[in-house]
Amino acid sequence: MRQEKIDLISAIVHSDAFIVCTQIIVITVLIKIANFIIGRFADKIKNFSKDTEFTKQIDTTKHIIESAVDTVIATLGIMYVLNKLGIDIRPILTAAGILGVAVGFGAKRFVEDVISGLILILEGQIRVGDVVDIAGKIGTVEKVDIKLVQLRDMSGNVHYIRNGMIDIVTNMTRDYSYYMFDIGVAYKENLTRVFEVLKELDEDFRANFEHRDYILAPLELLGVDSLEDSAVMIKARYRTRPRMQWQVGRAFYKAIKDRFDEKGIELPFPQRTLHIEHEEKERINE
């Protein structure tokens, strides 16, 4: 009975299925180890600089290297497994080469994606963590490779965009960001006084704001931008660290409302002036 168990175990160990499963496990472990080493190496490089742009570039490069290494290990591993099973891989490689040539004639889109992806990566136009507007979609870059860019928008939707479709890239978080303010005040307000209040508020805000380190420069008052139906619109902007412009903007808008209420500066609301003809006035008075 014991000998039968030993023979059964030996048969299982030497079976093709067991060998294939073992080698697949080894390939998977090798990929995990390679990704771990690449990740640790990238983390060590990021420690040399606290610059956000440098960090994003390293993260993007790390994903590309991991993808390439995983592909190489998986390909070599599959070839090794087939060879161990006694399958001659030379006809497979020959067929793959012929198939590759045939497919190449109809792979225009794939080639466009690869070339565009290499340009995007090498020039650093898009990095993991950037907020970008590409192909009509706005979101945070979660992944970049030589085939596509993966974006996640504010609603949590994930967009997969082929690199070949990317013509214009609008990067909202490169080096630094701006938040543009459209500040409306009533027509009756003295604009000189409004500007003084905004300058005072800017100084207080940069001194006391919880995340004041996000702000890179004082508020730029660009002046009167337009005269709307019920408001004088003042344009201003803050320069902030990348991706922090929206947080700063929301907090400063709240500060504007509180300070205007404190100073008695009227915020605009829709108004309409009625002009009544003389005869109509008499009829109404009667």
# chains A, B, ... in the order shown; residues from 1 in each chain; ligands from 1
>>> residues_around(residues="region 233-238 of chain A", least_positions_apart="2", cutoff="6 Å", atoms="only C-alpha atoms", output="JSON, numbers by chain")
{"A": [178, 179, 180, 181, 182, 183, 184, 219, 220, 221, 222, 223, 224, 225, 226]}
>>> select_by_dssp(residues="region 72-244 of chain A", states="alpha helix (DSSP H)", output="short mmCIF file (atom, residue, chain, number, x, y, z; two decimals) with N, CA and C atoms, in the first residue's frame")
data_model
loop_
_atom_site.label_atom_id
_atom_site.label_comp_id
_atom_site.auth_asym_id
_atom_site.auth_seq_id
_atom_site.Cartn_x
_atom_site.Cartn_y
_atom_site.Cartn_z
N VAL A 72 8.69 39.97 -21.43
CA VAL A 72 9.88 39.17 -21.77
C VAL A 72 9.91 37.89 -20.95
N ILE A 73 9.68 37.98 -19.63
CA ILE A 73 9.71 36.79 -18.77
C ILE A 73 8.63 35.80 -19.18
N ALA A 74 7.42 36.31 -19.43
CA ALA A 74 6.32 35.42 -19.81
C ALA A 74 6.61 34.73 -21.14
N THR A 75 7.15 35.47 -22.11
CA THR A 75 7.45 34.88 -23.42
C THR A 75 8.52 33.81 -23.32
N LEU A 76 9.62 34.13 -22.62
CA LEU A 76 10.69 33.15 -22.46
C LEU A 76 10.21 31.94 -21.64
N GLY A 77 9.37 32.19 -20.64
CA GLY A 77 8.85 31.10 -19.83
C GLY A 77 7.99 30.15 -20.63
N ILE A 78 7.13 30.70 -21.48
CA ILE A 78 6.27 29.85 -22.32
C ILE A 78 7.12 29.02 -23.28
N MET A 79 8.13 29.66 -23.87
CA MET A 79 9.01 28.91 -24.77
C MET A 79 9.73 27.78 -24.04
N TYR A 80 10.16 28.03 -22.82
CA TYR A 80 10.84 27.02 -22.01
C TYR A 80 9.90 25.85 -21.70
N VAL A 81 8.67 26.17 -21.31
CA VAL A 81 7.68 25.13 -20.99
C VAL A 81 7.41 24.26 -22.20
N LEU A 82 7.22 24.88 -23.35
CA LEU A 82 6.96 24.11 -24.58
C LEU A 82 8.14 23.21 -24.93
N ASN A 83 9.34 23.75 -24.74
CA ASN A 83 10.54 22.95 -25.03
C ASN A 83 10.64 21.76 -24.09
N LYS A 84 10.31 21.97 -22.80
CA LYS A 84 10.33 20.87 -21.83
C LYS A 84 9.30 19.79 -22.15
N ARG A 90 10.54 25.89 -33.03
CA ARG A 90 11.02 26.57 -34.23
C ARG A 90 9.92 26.79 -35.28
N PRO A 91 9.10 25.77 -35.55
CA PRO A 91 7.99 26.03 -36.49
C PRO A 91 7.02 27.10 -35.96
N ILE A 92 6.86 27.12 -34.61
CA ILE A 92 5.96 28.12 -34.03
C ILE A 92 6.54 29.52 -34.24
N LEU A 93 7.86 29.65 -34.03
CA LEU A 93 8.50 30.96 -34.22
C LEU A 93 8.44 31.38 -35.68
N THR A 94 8.64 30.40 -36.58
CA THR A 94 8.56 30.72 -38.01
C THR A 94 7.16 31.17 -38.39
N ALA A 95 6.17 30.42 -37.90
CA ALA A 95 4.77 30.79 -38.19
C ALA A 95 4.43 32.14 -37.60
N ALA A 96 4.96 32.39 -36.37
CA ALA A 96 4.69 33.67 -35.73
C ALA A 96 5.30 34.81 -36.53
N GLY A 97 6.52 34.56 -37.11
CA GLY A 97 7.14 35.59 -37.92
C GLY A 97 6.35 35.88 -39.18
N ILE A 98 5.90 34.83 -39.83
CA ILE A 98 5.09 35.01 -41.05
C ILE A 98 3.78 35.70 -40.71
N LEU A 99 3.15 35.25 -39.62
CA LEU A 99 1.89 35.86 -39.20
C LEU A 99 2.10 37.33 -38.85
N GLY A 100 3.26 37.60 -38.20
CA GLY A 100 3.55 38.99 -37.84
C GLY A 100 3.66 39.88 -39.04
N VAL A 101 4.31 39.36 -40.10
CA VAL A 101 4.44 40.15 -41.33
C VAL A 101 3.07 40.39 -41.95
N ALA A 102 2.24 39.34 -41.96
CA ALA A 102 0.90 39.47 -42.55
C ALA A 102 0.05 40.46 -41.77
N VAL A 103 0.12 40.32 -40.44
CA VAL A 103 -0.67 41.22 -39.60
C VAL A 103 -0.15 42.65 -39.69
N GLY A 104 1.19 42.76 -39.91
CA GLY A 104 1.79 44.09 -39.96
C GLY A 104 1.19 44.97 -41.03
N PHE A 105 0.79 44.37 -42.14
CA PHE A 105 0.19 45.17 -43.21
C PHE A 105 -1.14 45.79 -42.78
N LYS A 108 -1.90 49.15 -38.95
CA LYS A 108 -1.58 50.58 -39.00
C LYS A 108 -1.93 51.26 -37.68
N ARG A 109 -3.10 50.94 -37.14
CA ARG A 109 -3.54 51.57 -35.89
C ARG A 109 -2.61 51.21 -34.74
N PHE A 110 -2.19 49.95 -34.70
CA PHE A 110 -1.30 49.53 -33.62
C PHE A 110 0.04 50.26 -33.70
N VAL A 111 0.58 50.37 -34.91
CA VAL A 111 1.85 51.08 -35.09
C VAL A 111 1.71 52.54 -34.69
N GLU A 112 0.60 53.17 -35.06
CA GLU A 112 0.35 54.56 -34.67
C GLU A 112 0.31 54.70 -33.15
N ASP A 113 -0.36 53.74 -32.50
CA ASP A 113 -0.45 53.78 -31.04
C ASP A 113 0.94 53.66 -30.40
N VAL A 114 1.76 52.75 -30.91
CA VAL A 114 3.08 52.53 -30.33
C VAL A 114 3.97 53.77 -30.52
N ILE A 115 3.98 54.31 -31.74
CA ILE A 115 4.82 55.48 -32.01
C ILE A 115 4.37 56.67 -31.17
N SER A 116 3.05 56.91 -31.12
CA SER A 116 2.53 58.02 -30.32
C SER A 116 2.83 57.81 -28.84
N GLY A 117 2.71 56.55 -28.39
CA GLY A 117 2.99 56.25 -26.98
C GLY A 117 4.44 56.52 -26.62
N LEU A 118 5.35 56.13 -27.50
CA LEU A 118 6.77 56.37 -27.24
C LEU A 118 7.07 57.86 -27.17
N ILE A 119 6.45 58.63 -28.05
CA ILE A 119 6.65 60.09 -28.03
C ILE A 119 6.12 60.68 -26.74
N LEU A 120 4.91 60.27 -26.34
CA LEU A 120 4.32 60.78 -25.10
C LEU A 120 5.20 60.48 -23.89
N ILE A 121 5.75 59.26 -23.85
CA ILE A 121 6.55 58.84 -22.70
C ILE A 121 7.91 59.52 -22.69
N LEU A 122 8.59 59.51 -23.83
CA LEU A 122 9.94 60.06 -23.90
C LEU A 122 9.94 61.57 -23.66
N GLU A 123 8.92 62.27 -24.15
CA GLU A 123 8.85 63.71 -23.96
C GLU A 123 8.23 64.09 -22.62
N LEU A 191 -14.79 99.96 -6.79
CA LEU A 191 -13.85 98.91 -7.19
C LEU A 191 -12.49 99.07 -6.51
N THR A 192 -12.07 100.31 -6.27
CA THR A 192 -10.79 100.52 -5.59
C THR A 192 -10.83 99.88 -4.21
N ARG A 193 -11.95 100.06 -3.50
CA ARG A 193 -12.10 99.46 -2.17
C ARG A 193 -12.16 97.94 -2.28
N VAL A 194 -12.84 97.43 -3.30
CA VAL A 194 -12.93 95.98 -3.48
C VAL A 194 -11.55 95.39 -3.68
N PHE A 195 -10.72 96.05 -4.51
CA PHE A 195 -9.36 95.56 -4.75
C PHE A 195 -8.54 95.56 -3.46
N GLU A 196 -8.70 96.59 -2.64
CA GLU A 196 -7.96 96.66 -1.38
C GLU A 196 -8.37 95.53 -0.44
N VAL A 197 -9.68 95.25 -0.39
CA VAL A 197 -10.17 94.17 0.46
C VAL A 197 -9.61 92.83 -0.02
N LEU A 198 -9.56 92.60 -1.33
CA LEU A 198 -9.04 91.35 -1.87
C LEU A 198 -7.54 91.20 -1.57
N LYS A 199 -6.79 92.30 -1.64
CA LYS A 199 -5.36 92.23 -1.32
C LYS A 199 -5.14 91.89 0.15
N GLU A 200 -5.95 92.51 1.03
CA GLU A 200 -5.85 92.20 2.46
C GLU A 200 -6.22 90.74 2.72
N LEU A 201 -7.27 90.29 2.05
CA LEU A 201 -7.71 88.91 2.22
C LEU A 201 -6.62 87.95 1.74
N ASP A 202 -5.98 88.27 0.64
CA ASP A 202 -4.90 87.43 0.11
C ASP A 202 -3.79 87.26 1.14
N GLU A 203 -3.38 88.35 1.78
CA GLU A 203 -2.31 88.28 2.78
C GLU A 203 -2.72 87.41 3.97
N ASP A 204 -3.97 87.60 4.43
CA ASP A 204 -4.45 86.78 5.56
C ASP A 204 -4.57 85.31 5.16
N PHE A 205 -5.06 85.09 3.95
CA PHE A 205 -5.29 83.72 3.49
C PHE A 205 -3.97 82.96 3.37
N ARG A 206 -2.96 83.59 2.80
CA ARG A 206 -1.66 82.93 2.65
C ARG A 206 -0.95 82.73 3.98
N ALA A 207 -1.31 83.53 4.98
CA ALA A 207 -0.69 83.38 6.30
C ALA A 207 -1.40 82.34 7.16
N ASN A 208 -2.71 82.20 6.97
CA ASN A 208 -3.49 81.37 7.90
C ASN A 208 -4.15 80.15 7.27
#
>>> closest_residue(among="A:Pro268, A:Val169, A:Ser230, A:Val158", to="Asp133 (chain A)", atoms="only C-alpha atoms")
A:Val169
>>> select_by_dssp(residues="region 42-201 of chain A", states="strand (DSSP E)", output="number ranges by chain")
A: 131-134, 137-144, 148-152, 158-162, 169-171, 177-185
>>> closest_residue(among="A:Asp43, A:Thr170, A:Ala186, A:Tyr160", to="Val132 (chain A)", atoms="only C-alpha atoms")
A:Thr170
>>> residues_around(residues="Asp258 (chain A)", least_positions_apart="4", cutoff="12 Å", atoms="only C-alpha atoms", output="list in words")
Val197, Leu198, Leu201, Phe205, Ala251, Phe252, Tyr253, Lys254, Glu262, Lys263, Gly264, Ile265, Glu266 and Leu267 of chain A
>>> write_last_selection(atoms="C-alpha atoms", output="mmCIF file, in the first residue's frame")
data_model
loop_
_atom_site.group_PDB
_atom_site.id
_atom_site.type_symbol
_atom_site.label_atom_id
_atom_site.label_comp_id
_atom_site.auth_asym_id
_atom_site.auth_seq_id
_atom_site.Cartn_x
_atom_site.Cartn_y
_atom_site.Cartn_z
ATOM 1 C CA VAL A 197 -10.173 94.165 0.460
ATOM 2 C CA LEU A 198 -9.041 91.353 -1.870
ATOM 3 C CA LEU A 201 -7.710 88.907 2.218
ATOM 4 C CA PHE A 205 -5.290 83.725 3.486
ATOM 5 C CA ALA A 251 -11.226 77.581 0.114
ATOM 6 C CA PHE A 252 -10.515 81.086 -1.227
ATOM 7 C CA TYR A 253 -14.022 81.465 -2.675
ATOM 8 C CA LYS A 254 -15.407 80.732 0.791
ATOM 9 C CA GLU A 262 -17.916 91.309 6.897
ATOM 10 C CA LYS A 263 -17.077 94.429 4.868
ATOM 11 C CA GLY A 264 -20.592 94.936 3.568
ATOM 12 C CA ILE A 265 -19.635 94.398 -0.079
ATOM 13 C CA GLU A 266 -22.681 93.271 -1.999
ATOM 14 C CA LEU A 267 -22.453 90.173 -4.126
#
>>> atom_distance(atom1="CA of Ile215 (chain A)", atom2="CA of Thr60 (chain A)")
25.9 Å
>>> closest_residue(among="A:Gln23, A:Ala231, A:Phe209, A:Asp175", to="Ala255 (chain A)", atoms="only C-alpha atoms")
A:Phe209
>>> closest_residue(among="A:Ala42, A:Ile146, A:Val131, A:Val29", to="Ile64 (chain A)", atoms="only C-alpha atoms")
A:Ile146
